[in-house]
Amino acid sequence: MTDDFDSRENLDEETIDSEDDTQYEKYCFLCHRSESQAGKMIDLPNNIHICPDCMQKSFDTMNQQMSSGKMNYSDLLNMPGVSMIDLSNFNNPVQQPRKIKKKKEAKKPALDLKSIPAPHKIKAILDDYVIGQEYAKKVMSVAVYNHYKRVATDTMDEIDIEKSNMLMIGPTGCGKTYLVKTLAKLLDVPLAIADATSLTEAGYIGDDIESVVSKLLAAADNDVEKAEHGIIFIDEIDKIAKKKNTNQRDVSGEAVQQGMLKLLEGSEIEVPVGANSKNAMVPLTTVNTRNILFICGGAFPDLENIIKERLNKQASIGFYADLKDKYDNDPHLLEKVTVEDLRSFGMIPEFLGRLPIIFTLNGLTEEMLVKILREPKNAILKQYQKLLALDEVKLEFDEDALKAIAEKAMEKQTGARALRSILEQYMLDIMYEIPKDDSIGQVVITGDYIRGTGGPKIFLRGQEVPALEG
């Protein structure tokens with residue numbers, strides 16, 4: 001029996017030695033409290049530890065037995081040191097060491113007011129990535145700054161600051177989604193991008209309205225507190241406008257707008273953890289949307305016609321009447337949008353009332369497209385230059401080539417997205433042929449190559465390269 005105890009004791013010591021990084025603490029044999037809870041232990045043979053409280057109780061029991069005559073002083077003197085505690089009730093007298101529980105660190109607040117950048121700093125960072133759209137960047141910077149001040153203070157006095165949800169209107173490819181992505185990266189908050197076209201009324205095939213909150217929870221690694229301070233961007237919001245002249249139930253239009261009202265204003269939503277749809281096998285958690293910033297964006301096609309119709313009605317008869325084609329070529333027509341125009345488009349007034357900040361983004365011009373090609377921190381030209389630099393080849397674009405690319409992009413009418421597709425088309429042969437020849441040192445893309453009337457200029461390593469125009 002003793003050999004068994006010794007071998008087990010040695011095994012325990014080996015186990016402890018093998019786990020050098022883990023700290024262990026003693027615990028009481030009787031009450032099973034650890035040394036950090038009960039105080040310093042009294043060590044007994046066979047690796048047994050007793051806390052002071054249990055030891056005192058044992059002495060009190062013996063005193064009672066002596067006072068009642070059940071035990072005399074000679075019995076106590078003849079008793080071995082360990083036998084004062086009855087160990088016969090315990091099957092395993094050798095204790096295993098316990099790991100010391102680490103104290104949980106105090107949780108830091110989710111947002112610190114001092115860590116929120118001022119509006120001019122937010123706009124300066126947006127300027128590095130987004131060309132133009134000065135008004136939109138200024139509006140977003142102020143709205144986000146005020147929103148996170150509201151979250152950080154969390155109603156510290158009797159004045160309750162309202163949410164600053166946003167509605168951005170602009171043609172496709174003007175930078176709506178890119179602005180929101182850059183903003184979320186800057187603030188280091190979880191971002192969920194949802195598409196309104198897939199949303200339907202509860203009970204119908206498609207995503208429920210709560211699925212947008214599920215995406216945010218997934219982006220926050222299922223951390224509810226972190227998700228409650230995030231940003232939800234709902235794209236293609238114009239696709240849930242009321243359908244006109246329909247006798248059927250509008251399950252993906254007005255019904256979705258009605259269902260989103262509680263989300264935008266702020267309420268507790270039960271969402272599934274780790275899934276987009278609710279079912280019996282998925283656990284649910286509650287997320288409060290009171291501090292979630294909602295940004296809605298859409299192209300709103302044909303909204304210009306509604307604005308033109310309203311403006312032409314103001315003075316359409318008499319000597320001071322406006323010409324009907326006065327606003328046909330107005331590049332800033334979208335900036336004249338009002339809530340009434342959006343209601344005419346098909347957005348319900350309750351929905352628009354929960355999006356107090358409405359602003360527009362301008363369509364891109366040729367000059368803006370040229371700047372987008374080369375000025376942002378991650379400009380498309382810089383990406384291709386880096387790809388060829390890995391093959392030790394220098395890539396350059398002359399000014400005429402940039403203008404030709406911008407002209408072709410304007411014809412496609414898909415905004416900045418057209419730039420990538422055009423470059424992919426013209427860079428394909430170059431990216432394919434360059435790795436074949438190690439003697440090539442530089443490639444210059446010309447306007448003639450883009451227009452199809454010439455080819456790129458290729459220079460060998462060590463060859464003198466003429467200065468580019470512009």
# chains A, B, ... in the order shown; residues from 1 in each chain; ligands from 1

$ closest_atom_pairs --of "stretch 196-309 of chain A" --to "stretch 349-365 of chain A" --cutoff "8 Å" --atoms "only C-alpha atoms" --output "Markdown table"
| residue | atom | partner | partner_atom | distance |
| --- | --- | --- | --- | --- |
| A:Gln257 | CA | A:Phe351 | CA | 6.3 |
| A:Gln258 | CA | A:Phe351 | CA | 7.3 |
| A:Met260 | CA | A:Phe351 | CA | 7.8 |
| A:Leu261 | CA | A:Phe351 | CA | 6.2 |
| A:Leu264 | CA | A:Arg354 | CA | 6.3 |
| A:Glu265 | CA | A:Arg354 | CA | 6.4 |

$ select_by_dssp --residues "stretch 169-307 of chain A" --states "strand (DSSP E)" --output "VMD selection string"
chain A and resid 169 191 to 195 231 to 235 268 to 272 284 to 288 293 to 298

$ closest_residue --among "A:Met168, A:Cys296, A:Ala404, A:Val273" --to "A:Asp195" --atoms "only C-alpha atoms"
A:Cys296

$ select_by_dssp --residues "stretch 174-347 of chain A" --states "alpha helix (DSSP H)" --output "PyMOL selection string"
chain A and resi 176-187+211-219+224-227+254-265+303-314+339-345

$ closest_residue --among "A:Ala118, A:Ile125, A:Leu263, A:Met431" --to "A:Leu186" --atoms "only C-alpha atoms"
A:Ile125

$ residues_around --residues "A:Ile50" --least-positions-apart "3" --cutoff "8 Å" --atoms "only C-alpha atoms" --output "list in words"
Tyr27, Cys28, Phe29, Leu30, Met41, Ile42, Asp43, Leu44, Cys54 and Met55 of chain A

$ write_last_selection --atoms "all heavy atoms" --output "mmCIF file, in the first residue's frame"
data_model
loop_
_atom_site.group_PDB
_atom_site.id
_atom_site.type_symbol
_atom_site.label_atom_id
_atom_site.label_comp_id
_atom_site.auth_asym_id
_atom_site.auth_seq_id
_atom_site.Cartn_x
_atom_site.Cartn_y
_atom_site.Cartn_z
ATOM 1 N N TYR A 27 -5.370 22.478 -1.580
ATOM 2 C CA TYR A 27 -6.754 22.638 -1.165
ATOM 3 C C TYR A 27 -7.040 21.695 -0.012
ATOM 4 O O TYR A 27 -6.380 20.668 0.178
ATOM 5 C CB TYR A 27 -7.718 22.392 -2.336
ATOM 6 C CG TYR A 27 -7.772 20.985 -2.848
ATOM 7 C CD1 TYR A 27 -8.781 20.109 -2.436
ATOM 8 C CD2 TYR A 27 -6.816 20.513 -3.746
ATOM 9 C CE1 TYR A 27 -8.837 18.811 -2.906
ATOM 10 C CE2 TYR A 27 -6.861 19.215 -4.214
ATOM 11 C CZ TYR A 27 -7.885 18.367 -3.794
ATOM 12 O OH TYR A 27 -7.939 17.090 -4.257
ATOM 13 N N CYS A 28 -8.053 22.073 0.800
ATOM 14 C CA CYS A 28 -8.358 21.342 2.033
ATOM 15 C C CYS A 28 -8.930 19.960 1.719
ATOM 16 O O CYS A 28 -9.803 19.817 0.857
ATOM 17 C CB CYS A 28 -9.328 22.150 2.885
ATOM 18 S SG CYS A 28 -9.771 21.319 4.430
ATOM 19 N N PHE A 29 -8.438 18.947 2.460
ATOM 20 C CA PHE A 29 -8.870 17.563 2.269
ATOM 21 C C PHE A 29 -10.324 17.367 2.685
ATOM 22 O O PHE A 29 -11.026 16.510 2.159
ATOM 23 C CB PHE A 29 -7.963 16.640 3.080
ATOM 24 C CG PHE A 29 -8.152 15.185 2.757
ATOM 25 C CD1 PHE A 29 -7.543 14.620 1.659
ATOM 26 C CD2 PHE A 29 -8.964 14.385 3.555
ATOM 27 C CE1 PHE A 29 -7.733 13.282 1.365
ATOM 28 C CE2 PHE A 29 -9.155 13.048 3.261
ATOM 29 C CZ PHE A 29 -8.531 12.494 2.153
ATOM 30 N N LEU A 30 -10.787 18.199 3.638
ATOM 31 C CA LEU A 30 -12.129 18.008 4.195
ATOM 32 C C LEU A 30 -13.185 18.877 3.513
ATOM 33 O O LEU A 30 -14.219 18.393 3.083
ATOM 34 C CB LEU A 30 -12.113 18.281 5.700
ATOM 35 C CG LEU A 30 -11.209 17.352 6.517
ATOM 36 C CD1 LEU A 30 -11.203 17.764 7.975
ATOM 37 C CD2 LEU A 30 -11.674 15.898 6.396
ATOM 38 N N MET A 41 -2.560 26.490 4.388
ATOM 39 C CA MET A 41 -2.913 25.133 4.782
ATOM 40 C C MET A 41 -1.923 24.577 5.818
ATOM 41 O O MET A 41 -0.751 24.975 5.855
ATOM 42 C CB MET A 41 -2.933 24.207 3.558
ATOM 43 C CG MET A 41 -3.984 24.564 2.540
ATOM 44 S SD MET A 41 -5.635 24.194 3.146
ATOM 45 C CE MET A 41 -6.634 25.097 1.974
ATOM 46 N N ILE A 42 -2.417 23.630 6.615
ATOM 47 C CA ILE A 42 -1.582 22.867 7.557
ATOM 48 C C ILE A 42 -1.242 21.552 6.876
ATOM 49 O O ILE A 42 -2.138 20.792 6.479
ATOM 50 C CB ILE A 42 -2.329 22.629 8.882
ATOM 51 C CG1 ILE A 42 -2.672 23.983 9.527
ATOM 52 C CG2 ILE A 42 -1.508 21.764 9.819
ATOM 53 C CD1 ILE A 42 -3.694 23.899 10.621
ATOM 54 N N ASP A 43 0.054 21.276 6.682
ATOM 55 C CA ASP A 43 0.502 20.090 5.953
ATOM 56 C C ASP A 43 0.571 18.888 6.874
ATOM 57 O O ASP A 43 1.117 18.964 7.980
ATOM 58 C CB ASP A 43 1.875 20.345 5.330
ATOM 59 C CG ASP A 43 1.830 21.473 4.310
ATOM 60 O OD1 ASP A 43 0.753 21.649 3.708
ATOM 61 O OD2 ASP A 43 2.843 22.169 4.138
ATOM 62 N N LEU A 44 0.010 17.760 6.414
ATOM 63 C CA LEU A 44 0.032 16.491 7.144
ATOM 64 C C LEU A 44 0.722 15.439 6.274
ATOM 65 O O LEU A 44 0.927 15.651 5.073
ATOM 66 C CB LEU A 44 -1.401 16.062 7.477
ATOM 67 C CG LEU A 44 -2.193 16.998 8.410
ATOM 68 C CD1 LEU A 44 -3.599 16.473 8.584
ATOM 69 C CD2 LEU A 44 -1.511 17.148 9.757
ATOM 70 N N CYS A 54 -11.072 23.794 9.391
ATOM 71 C CA CYS A 54 -11.372 22.375 9.619
ATOM 72 C C CYS A 54 -10.538 21.821 10.775
ATOM 73 O O CYS A 54 -11.005 20.959 11.543
ATOM 74 C CB CYS A 54 -11.117 21.577 8.340
ATOM 75 S SG CYS A 54 -12.289 21.956 7.021
ATOM 76 N N MET A 55 -9.287 22.285 10.887
ATOM 77 C CA MET A 55 -8.450 21.846 12.003
ATOM 78 C C MET A 55 -9.036 22.298 13.336
ATOM 79 O O MET A 55 -9.079 21.531 14.307
ATOM 80 C CB MET A 55 -7.028 22.407 11.819
ATOM 81 C CG MET A 55 -6.042 21.904 12.869
ATOM 82 S SD MET A 55 -5.798 20.109 12.786
ATOM 83 C CE MET A 55 -4.640 20.004 11.436
#

$ residues_around --residues "A:Ala196" --least-positions-apart "2" --cutoff "10 Å" --atoms "only C-alpha atoms" --output "PyMOL selection string"
chain A and resi 193-194+198-200+207+209+212+233-240+252-253+256-257+296-298

$ residues_around --residues "A:Ser36" --least-positions-apart "4" --cutoff "9 Å" --atoms "only C-alpha atoms" --output "PyMOL selection string"
chain A and resi 25-27+40+100

$ write_last_selection --atoms "N, CA and C atoms" --output "tab-separated table (two decimals), in the first residue's frame"
chain	number	residue	atom	x	y	z
A	25	GLU	N	-2.21	25.07	-6.63
A	25	GLU	CA	-2.37	25.50	-5.25
A	25	GLU	C	-2.95	24.35	-4.42
A	26	LYS	N	-2.70	24.38	-3.12
A	26	LYS	CA	-3.21	23.35	-2.22
A	26	LYS	C	-4.68	23.59	-1.94
A	27	TYR	N	-5.37	22.48	-1.58
A	27	TYR	CA	-6.75	22.64	-1.17
A	27	TYR	C	-7.04	21.69	-0.01
A	40	LYS	N	-3.72	29.85	4.56
A	40	LYS	CA	-2.58	28.93	4.50
A	40	LYS	C	-2.94	27.58	5.09
A	100	ILE	N	-4.38	26.94	-10.20
A	100	ILE	CA	-4.82	28.23	-9.65
A	100	ILE	C	-5.67	28.94	-10.70

$ closest_residue --among "A:Val339, A:Ala418, A:Ile372, A:Ile231" --to "A:Asp128" --atoms "only C-alpha atoms"
A:Ile372

$ residues_around --residues "A:Val370" --least-positions-apart "4" --cutoff "7 Å" --atoms "only C-alpha atoms" --output "list of chain:residue names"
A:Glu366, A:Arg374, A:Leu402, A:Lys403, A:Ala406

$ closest_residue --among "A:Ile380, A:Leu395, A:Glu424, A:Lys185" --to "A:Phe459" --atoms "only C-alpha atoms"
A:Leu395
